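K.L.:
File name structure_17.txt; file contents compact mmCIF, N, CA and C atoms; full text below.
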# COMPACT_ATOMS: atom_id res chain seq x y z
N MET O 1 -27.24 15.95 14.37
CA MET O 1 -26.37 17.07 14.14
C MET O 1 -25.41 16.76 13.00
N LEU O 2 -24.83 15.56 12.99
CA LEU O 2 -23.91 15.17 11.92
C LEU O 2 -24.60 15.21 10.56
N ARG O 3 -25.82 14.70 10.49
CA ARG O 3 -26.57 14.70 9.23
C ARG O 3 -26.76 16.13 8.72
N THR O 4 -27.07 17.04 9.62
CA THR O 4 -27.27 18.44 9.24
C THR O 4 -26.00 19.04 8.65
N VAL O 5 -24.87 18.79 9.29
CA VAL O 5 -23.60 19.32 8.81
C VAL O 5 -23.21 18.68 7.48
N LEU O 6 -23.43 17.39 7.35
CA LEU O 6 -23.11 16.71 6.10
C LEU O 6 -23.95 17.24 4.94
N GLN O 7 -25.17 17.62 5.22
CA GLN O 7 -26.05 18.16 4.18
C GLN O 7 -25.70 19.61 3.85
N ASN O 8 -25.12 20.33 4.81
CA ASN O 8 -24.77 21.73 4.59
C ASN O 8 -23.44 22.04 5.27
N PRO O 9 -22.31 21.64 4.63
CA PRO O 9 -21.00 21.85 5.25
C PRO O 9 -20.67 23.31 5.53
N ALA O 10 -21.35 24.24 4.89
CA ALA O 10 -21.10 25.66 5.13
C ALA O 10 -21.43 26.06 6.56
N LEU O 11 -22.15 25.21 7.28
CA LEU O 11 -22.49 25.51 8.67
C LEU O 11 -21.26 25.47 9.57
N LEU O 12 -20.23 24.76 9.16
CA LEU O 12 -19.02 24.67 9.95
C LEU O 12 -18.17 25.91 9.73
N ASP O 13 -17.60 26.43 10.79
CA ASP O 13 -16.67 27.55 10.66
C ASP O 13 -15.35 27.02 10.11
N ARG O 14 -14.84 27.68 9.09
CA ARG O 14 -13.56 27.30 8.51
C ARG O 14 -12.46 27.92 9.35
N THR O 15 -11.36 27.22 9.52
CA THR O 15 -10.22 27.70 10.28
C THR O 15 -8.96 27.58 9.43
N PRO O 16 -7.88 28.29 9.81
CA PRO O 16 -6.63 28.13 9.09
C PRO O 16 -6.15 26.68 9.08
N THR O 17 -6.35 25.97 10.18
CA THR O 17 -5.94 24.57 10.24
C THR O 17 -6.67 23.75 9.19
N GLU O 18 -7.96 23.99 9.03
CA GLU O 18 -8.74 23.26 8.03
C GLU O 18 -8.21 23.54 6.62
N VAL O 19 -7.88 24.80 6.35
CA VAL O 19 -7.36 25.16 5.03
C VAL O 19 -6.05 24.41 4.77
N ILE O 20 -5.16 24.38 5.75
CA ILE O 20 -3.89 23.68 5.61
C ILE O 20 -4.12 22.18 5.44
N ASP O 21 -5.03 21.62 6.22
CA ASP O 21 -5.35 20.19 6.10
C ASP O 21 -5.91 19.85 4.73
N ARG O 22 -6.73 20.73 4.18
CA ARG O 22 -7.30 20.49 2.84
C ARG O 22 -6.20 20.48 1.78
N ARG O 23 -5.19 21.34 1.93
CA ARG O 23 -4.05 21.33 1.01
C ARG O 23 -3.26 20.04 1.16
N THR O 24 -3.05 19.62 2.38
CA THR O 24 -2.32 18.37 2.64
C THR O 24 -3.05 17.18 2.03
N ALA O 25 -4.38 17.20 2.09
CA ALA O 25 -5.20 16.11 1.53
C ALA O 25 -5.32 16.20 0.02
N GLY O 26 -4.85 17.29 -0.59
CA GLY O 26 -4.93 17.44 -2.03
C GLY O 26 -6.25 18.01 -2.52
N ASP O 27 -7.08 18.51 -1.61
CA ASP O 27 -8.38 19.10 -2.00
C ASP O 27 -8.21 20.46 -2.64
N ILE O 28 -7.15 21.19 -2.25
CA ILE O 28 -6.87 22.50 -2.84
C ILE O 28 -5.39 22.56 -3.17
N THR O 29 -5.01 23.49 -4.03
CA THR O 29 -3.62 23.63 -4.43
C THR O 29 -2.84 24.47 -3.42
N ASP O 30 -1.52 24.45 -3.57
CA ASP O 30 -0.67 25.30 -2.73
C ASP O 30 -1.06 26.77 -2.89
N ASP O 31 -1.28 27.18 -4.14
CA ASP O 31 -1.64 28.58 -4.40
C ASP O 31 -2.97 28.95 -3.76
N GLU O 32 -3.96 28.05 -3.81
CA GLU O 32 -5.26 28.33 -3.18
C GLU O 32 -5.10 28.46 -1.67
N MET O 33 -4.29 27.58 -1.08
CA MET O 33 -4.06 27.63 0.37
C MET O 33 -3.39 28.96 0.73
N MET O 34 -2.33 29.31 0.00
CA MET O 34 -1.60 30.54 0.32
C MET O 34 -2.49 31.77 0.14
N ASP O 35 -3.28 31.80 -0.92
CA ASP O 35 -4.18 32.93 -1.13
C ASP O 35 -5.17 33.06 0.02
N THR O 36 -5.71 31.94 0.46
CA THR O 36 -6.66 31.96 1.57
C THR O 36 -6.00 32.43 2.86
N LEU O 37 -4.81 31.88 3.17
CA LEU O 37 -4.14 32.23 4.42
C LEU O 37 -3.62 33.66 4.41
N LEU O 38 -3.17 34.14 3.25
CA LEU O 38 -2.69 35.52 3.18
C LEU O 38 -3.81 36.53 3.33
N ASN O 39 -5.02 36.14 2.98
CA ASN O 39 -6.16 37.05 3.06
C ASN O 39 -7.07 36.76 4.26
N TRP O 40 -6.61 35.92 5.16
CA TRP O 40 -7.40 35.53 6.33
C TRP O 40 -7.52 36.70 7.30
N ASP O 41 -8.68 36.86 7.90
CA ASP O 41 -8.90 37.87 8.93
C ASP O 41 -8.60 37.20 10.28
N TYR O 42 -7.33 37.20 10.65
CA TYR O 42 -6.89 36.48 11.84
C TYR O 42 -7.43 37.12 13.11
N THR O 43 -7.69 36.28 14.10
CA THR O 43 -8.12 36.74 15.42
C THR O 43 -6.89 36.83 16.33
N PHE O 44 -7.04 37.47 17.46
CA PHE O 44 -6.00 37.42 18.47
C PHE O 44 -6.13 36.09 19.18
N ASP O 45 -4.99 35.51 19.51
CA ASP O 45 -5.01 34.22 20.18
C ASP O 45 -5.63 34.37 21.55
N ARG O 46 -6.41 33.39 21.90
CA ARG O 46 -7.03 33.39 23.22
C ARG O 46 -7.18 31.95 23.69
N VAL O 47 -7.08 31.77 24.97
CA VAL O 47 -7.29 30.45 25.57
C VAL O 47 -8.68 30.45 26.17
N PRO O 48 -9.57 29.56 25.70
CA PRO O 48 -10.92 29.53 26.25
C PRO O 48 -10.91 29.23 27.75
N VAL O 49 -11.86 29.81 28.44
CA VAL O 49 -12.00 29.61 29.88
C VAL O 49 -13.33 28.90 30.13
N SER O 50 -13.29 27.87 30.96
CA SER O 50 -14.49 27.12 31.30
C SER O 50 -14.60 27.06 32.82
N GLY O 51 -15.67 27.60 33.35
CA GLY O 51 -15.86 27.59 34.80
C GLY O 51 -14.78 28.38 35.53
N GLY O 52 -14.25 29.42 34.87
CA GLY O 52 -13.21 30.24 35.49
C GLY O 52 -11.82 29.66 35.40
N ILE O 53 -11.68 28.52 34.71
CA ILE O 53 -10.38 27.86 34.60
C ILE O 53 -9.97 27.84 33.13
N SER O 54 -8.73 28.25 32.84
CA SER O 54 -8.22 28.22 31.47
C SER O 54 -8.11 26.78 31.00
N THR O 55 -8.53 26.55 29.76
CA THR O 55 -8.46 25.21 29.20
C THR O 55 -7.12 25.00 28.52
N ASP O 56 -6.88 23.79 28.03
CA ASP O 56 -5.63 23.51 27.33
C ASP O 56 -5.84 23.56 25.81
N ALA O 57 -6.73 24.42 25.38
CA ALA O 57 -7.05 24.56 23.96
C ALA O 57 -6.85 26.01 23.55
N TYR O 58 -6.91 26.25 22.24
CA TYR O 58 -6.82 27.60 21.71
C TYR O 58 -8.08 27.91 20.93
N GLY O 59 -8.46 29.17 20.90
CA GLY O 59 -9.58 29.60 20.10
C GLY O 59 -9.21 29.53 18.62
N PRO O 60 -10.18 29.28 17.75
CA PRO O 60 -9.88 29.14 16.31
C PRO O 60 -9.65 30.49 15.63
N GLY O 61 -8.91 30.44 14.52
CA GLY O 61 -8.76 31.61 13.67
C GLY O 61 -7.51 32.44 13.91
N SER O 62 -6.63 32.02 14.82
CA SER O 62 -5.45 32.82 15.09
C SER O 62 -4.26 32.32 14.26
N TRP O 63 -3.22 33.14 14.19
CA TRP O 63 -2.00 32.78 13.47
C TRP O 63 -1.35 31.56 14.12
N ASP O 64 -1.61 31.33 15.39
CA ASP O 64 -1.05 30.17 16.08
C ASP O 64 -1.43 28.86 15.39
N GLU O 65 -2.59 28.82 14.75
CA GLU O 65 -2.97 27.61 14.02
C GLU O 65 -1.99 27.32 12.89
N VAL O 66 -1.56 28.37 12.20
CA VAL O 66 -0.59 28.20 11.12
C VAL O 66 0.74 27.75 11.69
N GLU O 67 1.16 28.34 12.80
CA GLU O 67 2.42 27.93 13.44
C GLU O 67 2.38 26.49 13.90
N ARG O 68 1.27 26.06 14.49
CA ARG O 68 1.16 24.67 14.95
C ARG O 68 1.18 23.71 13.77
N ALA O 69 0.55 24.06 12.66
CA ALA O 69 0.53 23.20 11.47
C ALA O 69 1.95 23.08 10.91
N THR O 70 2.69 24.18 10.92
CA THR O 70 4.07 24.17 10.42
C THR O 70 4.93 23.30 11.32
N ALA O 71 4.77 23.42 12.62
CA ALA O 71 5.56 22.62 13.56
C ALA O 71 5.24 21.14 13.42
N ALA O 72 4.01 20.81 13.07
CA ALA O 72 3.62 19.41 12.92
C ALA O 72 4.28 18.78 11.71
N ASP O 73 4.63 19.59 10.70
CA ASP O 73 5.27 19.08 9.49
C ASP O 73 6.75 18.85 9.65
N ILE O 74 7.32 19.37 10.75
CA ILE O 74 8.78 19.26 10.95
C ILE O 74 9.13 17.91 11.52
Would you mind writing the file's structure down as structure tokens?

P.N.:
Amino acid sequence: MLRTVLQNPALLDRTPTEVIDRRTAGDITDDEMMDTLLNWDYTFDRVPVSGGISTDAYGPGSWDEVERATAADI
């Protein structure tokens, strides 16, 4: 599975967290990050459920990812 993803990274779903991490790593500029985040089609936040029990994770693509990234920088 890892080999497949490494050969075709487009198979991975991009998330706001990934965009912010790429800016932090210097892969993209501040302007590229802001343009991407401002034009993101955000989802409503949801907590995944497994076996009828809410998990301690969040679904990807919500504005909460941006908030968590900001809180991590403080």

K.L.:
From the list O:Asp41, O:Asp35, O:Asp27, O:Glu18, which residue is nearest O:Glu65 when using all atoms listed in the file?

P.N.:
O:Glu18

K.L.:
With all atoms listed in the file as the atoms that count, which of O:Gly61, O:Arg68, O:Asp21, O:Gly52 lies nearest to O:Trp40?

P.N.:
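Smallest separation from O:Trp40 among the options: O:Gly61.
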
K.L.:
Of the residues O:Phe44, O:Trp63, O:Ser54, O:Thr29, which is the one nearest to O:Pro16, using only C-alpha atoms?

P.N.:
O:Trp63

K.L.:
In Å, how far is it from atom N of O:Pro48 to atom N of O:Val66?

P.N.:
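It comes out at 15.7 Å.
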
K.L.:
Give me, please, the distance in Å between atom CA of O:Asp64 and atom CA of O:Asp30, quoted to one decimal.

P.N.:
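Interatomic distance, atom CA of O:Asp64 to atom CA of O:Asp30: 19.4 Å.
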
K.L.:
Between atom C of O:Arg3 and atom N of O:Thr15, what distance in Å does the model show, to one decimal?

P.N.:
19.0 Å

K.L.:
Determine the nearest neighbour of O:Val19 from the options O:Leu38, O:Ile53, O:Ala71, O:Met33, counting only C-alpha atoms.

P.N.:
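Closest residue, counting only C-alpha atoms: O:Met33.
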
K.L.:
Run DSSP on the backbone and give me the residues of stretch 9-58 of chain O it puts in helix (DSSP H, G or I), as a list of chain:residue names.

P.N.:
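Residues meeting the helix (DSSP H, G or I) criterion: O:Pro9, O:Ala10, O:Leu11, O:Pro16, O:Thr17, O:Glu18, O:Val19, O:Ile20, O:Asp21, O:Arg22, O:Arg23, O:Thr24, O:Asp30, O:Asp31, O:Glu32, O:Met33, O:Met34, O:Asp35, O:Thr36, O:Leu37, O:Leu38.
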